[in-house]
Amino acid sequence: MPLVASKDSDIVFQSYGRCCNNPIFFVDFYDRFMGCCDAIRDQFRDTDMKQQRHLLRNGIMQLVLYARGMSDAKLKALGESHNRHGYNIRPEWYTQWVDALIATLRDHDPQFDLNVEAAWRRAIAPGVELIRSAY
């Protein structure tokens with residue numbers, strides 16, 4: 001289980017705390033992510049978005065906790081559910097997912113700057129790669 005620099009994981013943990021208590025954060029994220037391309041938008045066509053936003057909230061927290069040294073079990077399960085035999089989330093979509101997350105954080109975290117962005121990218125990269133690699 002990768003433990004990123006504690007400074008990065010602290011920055012990310014605090015940044016997420018500033019954002020996740022505002023439900024509009026998750027709405028804005030999905031508007032941005034689904035706006036990336038028709039294929040991603042189509043993936044969510046029959047999705048209960050209220051439930052999906054709840055799952056996203058937990059999924060991001062799992063990435064943050066993994067960066068802080070927690071077990072990879074929940075991320076491995078996410079990878080299994082999102083692989084080609086599950087939701088079929090294509091590996092290349094994770095780049096758009098991270099970019100949409102960063103852009104949404106930029107809009108919602110009043111303390112967001114280049115250092116916060118870099119900390120997020122470093123902190124969640126191992127967890128995102130773990131999920132992506134299950135494809």
# chains A, B, ... in the order shown; residues from 1 in each chain; ligands from 1
>>> residues_around(residues="Glu92 (chain A)", least_positions_apart="3", cutoff="12 Å", atoms="only C-alpha atoms", output="list in words")
Cys36, Cys37, Ala39, Ile40, Asn88, Ile89, Thr95, Gln96, Trp97, Val98, Asp99, Val128, Glu129, Ile131, Arg132, Ser133 and Tyr135 of chain A
>>> write_last_selection(atoms="N, CA, C and O atoms", output="PDB file, in the first residue's frame")
ATOM      1  N   CYS A  36     -17.008  15.429 -21.183  1.00  0.00           N
ATOM      2  CA  CYS A  36     -15.747  15.114 -21.884  1.00  0.00           C
ATOM      3  C   CYS A  36     -15.991  14.509 -23.261  1.00  0.00           C
ATOM      4  O   CYS A  36     -15.297  14.839 -24.212  1.00  0.00           O
ATOM      5  N   CYS A  37     -16.939  13.583 -23.335  1.00  0.00           N
ATOM      6  CA  CYS A  37     -17.229  12.938 -24.622  1.00  0.00           C
ATOM      7  C   CYS A  37     -18.558  12.200 -24.538  1.00  0.00           C
ATOM      8  O   CYS A  37     -19.038  11.879 -23.445  1.00  0.00           O
ATOM      9  N   ALA A  39     -19.234   9.148 -25.300  1.00  0.00           N
ATOM     10  CA  ALA A  39     -19.122   7.785 -24.770  1.00  0.00           C
ATOM     11  C   ALA A  39     -19.211   7.795 -23.239  1.00  0.00           C
ATOM     12  O   ALA A  39     -19.854   6.917 -22.653  1.00  0.00           O
ATOM     13  N   ILE A  40     -18.586   8.768 -22.614  1.00  0.00           N
ATOM     14  CA  ILE A  40     -18.665   8.851 -21.152  1.00  0.00           C
ATOM     15  C   ILE A  40     -20.081   9.241 -20.743  1.00  0.00           C
ATOM     16  O   ILE A  40     -20.658   8.641 -19.829  1.00  0.00           O
ATOM     17  N   ASN A  88     -17.328  -1.513 -17.435  1.00  0.00           N
ATOM     18  CA  ASN A  88     -16.552  -1.279 -18.656  1.00  0.00           C
ATOM     19  C   ASN A  88     -16.088   0.182 -18.778  1.00  0.00           C
ATOM     20  O   ASN A  88     -16.274   0.828 -19.797  1.00  0.00           O
ATOM     21  N   ILE A  89     -15.474   0.649 -17.690  1.00  0.00           N
ATOM     22  CA  ILE A  89     -14.898   1.991 -17.702  1.00  0.00           C
ATOM     23  C   ILE A  89     -13.522   1.882 -18.344  1.00  0.00           C
ATOM     24  O   ILE A  89     -12.604   1.291 -17.794  1.00  0.00           O
ATOM     25  N   THR A  95      -7.893   9.357 -17.225  1.00  0.00           N
ATOM     26  CA  THR A  95      -7.208  10.642 -17.394  1.00  0.00           C
ATOM     27  C   THR A  95      -8.231  11.767 -17.368  1.00  0.00           C
ATOM     28  O   THR A  95      -8.033  12.786 -16.684  1.00  0.00           O
ATOM     29  N   GLN A  96      -9.335  11.592 -18.100  1.00  0.00           N
ATOM     30  CA  GLN A  96     -10.392  12.610 -18.098  1.00  0.00           C
ATOM     31  C   GLN A  96     -11.022  12.733 -16.709  1.00  0.00           C
ATOM     32  O   GLN A  96     -11.386  13.828 -16.280  1.00  0.00           O
ATOM     33  N   TRP A  97     -11.147  11.598 -16.016  1.00  0.00           N
ATOM     34  CA  TRP A  97     -11.729  11.597 -14.671  1.00  0.00           C
ATOM     35  C   TRP A  97     -10.871  12.448 -13.735  1.00  0.00           C
ATOM     36  O   TRP A  97     -11.381  13.312 -13.024  1.00  0.00           O
ATOM     37  N   VAL A  98      -9.566  12.219 -13.749  1.00  0.00           N
ATOM     38  CA  VAL A  98      -8.662  12.992 -12.891  1.00  0.00           C
ATOM     39  C   VAL A  98      -8.694  14.464 -13.284  1.00  0.00           C
ATOM     40  O   VAL A  98      -8.774  15.344 -12.422  1.00  0.00           O
ATOM     41  N   ASP A  99      -8.653  14.750 -14.564  1.00  0.00           N
ATOM     42  CA  ASP A  99      -8.679  16.149 -15.011  1.00  0.00           C
ATOM     43  C   ASP A  99      -9.983  16.841 -14.603  1.00  0.00           C
ATOM     44  O   ASP A  99      -9.973  18.010 -14.204  1.00  0.00           O
ATOM     45  N   VAL A 128      -5.615   5.504  -8.459  1.00  0.00           N
ATOM     46  CA  VAL A 128      -6.263   5.525  -9.776  1.00  0.00           C
ATOM     47  C   VAL A 128      -5.638   4.438 -10.661  1.00  0.00           C
ATOM     48  O   VAL A 128      -6.347   3.718 -11.358  1.00  0.00           O
ATOM     49  N   GLU A 129      -4.327   4.304 -10.593  1.00  0.00           N
ATOM     50  CA  GLU A 129      -3.654   3.281 -11.397  1.00  0.00           C
ATOM     51  C   GLU A 129      -4.062   1.877 -10.957  1.00  0.00           C
ATOM     52  O   GLU A 129      -4.224   0.984 -11.792  1.00  0.00           O
ATOM     53  N   ILE A 131      -6.980   0.997  -9.776  1.00  0.00           N
ATOM     54  CA  ILE A 131      -8.320   0.779 -10.338  1.00  0.00           C
ATOM     55  C   ILE A 131      -8.217   0.538 -11.833  1.00  0.00           C
ATOM     56  O   ILE A 131      -8.797  -0.418 -12.362  1.00  0.00           O
ATOM     57  N   ARG A 132      -7.471   1.380 -12.526  1.00  0.00           N
ATOM     58  CA  ARG A 132      -7.332   1.274 -13.980  1.00  0.00           C
ATOM     59  C   ARG A 132      -6.726  -0.071 -14.381  1.00  0.00           C
ATOM     60  O   ARG A 132      -7.133  -0.673 -15.360  1.00  0.00           O
ATOM     61  N   SER A 133      -5.778  -0.536 -13.614  1.00  0.00           N
ATOM     62  CA  SER A 133      -5.062  -1.766 -13.977  1.00  0.00           C
ATOM     63  C   SER A 133      -5.930  -3.016 -13.884  1.00  0.00           C
ATOM     64  O   SER A 133      -5.560  -4.053 -14.414  1.00  0.00           O
ATOM     65  N   TYR A 135      -8.665  -3.368 -15.392  1.00  0.00           N
ATOM     66  CA  TYR A 135      -9.443  -3.470 -16.613  1.00  0.00           C
ATOM     67  C   TYR A 135      -9.132  -4.759 -17.355  1.00  0.00           C
ATOM     68  O   TYR A 135      -9.948  -5.415 -17.883  1.00  0.00           O
TER      69      TYR A 135
END
>>> closest_atom_pairs(of="region 37-93 of chain A", to="region 2-23 of chain A", cutoff="6 Å", atoms="only C-alpha atoms", output="CSV")
residue,atom,partner,partner_atom,distance
A:Ala67,CA,A:Leu3,CA,5.3
A:Arg68,CA,A:Leu3,CA,5.5
A:Gly69,CA,A:Leu3,CA,4.7
>>> residues_around(residues="Leu130 (chain A)", least_positions_apart="5", cutoff="8 Å", atoms="only C-alpha atoms", output="number ranges by chain")
A: 75-76, 79
>>> closest_residue(among="A:Ala73, A:Ile60, A:Ile24, A:Leu55", to="Leu101 (chain A)", atoms="only C-alpha atoms")
A:Ile60
>>> closest_residue(among="A:Trp93, A:Ala125, A:Ala100, A:His108", to="Asp38 (chain A)", atoms="only C-alpha atoms")
A:Trp93
>>> closest_residue(among="A:His85, A:Arg121, A:Arg106, A:Lys74", to="Asp28 (chain A)", atoms="only C-alpha atoms")
A:Arg106
>>> atom_distance(atom1="CA of Ser81 (chain A)", atom2="CA of Gln43 (chain A)")
13.9 Å
>>> select_by_dssp(residues="chain A", states="alpha helix (DSSP H)", output="number ranges by chain")
A: 6-20, 23-34, 38-43, 49-67, 73-82, 93-108, 114-132
>>> atom_distance(atom1="CA of Ala134 (chain A)", atom2="CA of Arg53 (chain A)")
22.2 Å
>>> closest_residue(among="A:Gly86, A:Ile102, A:Tyr30, A:Val116", to="Lys50 (chain A)", atoms="only C-alpha atoms")
A:Tyr30
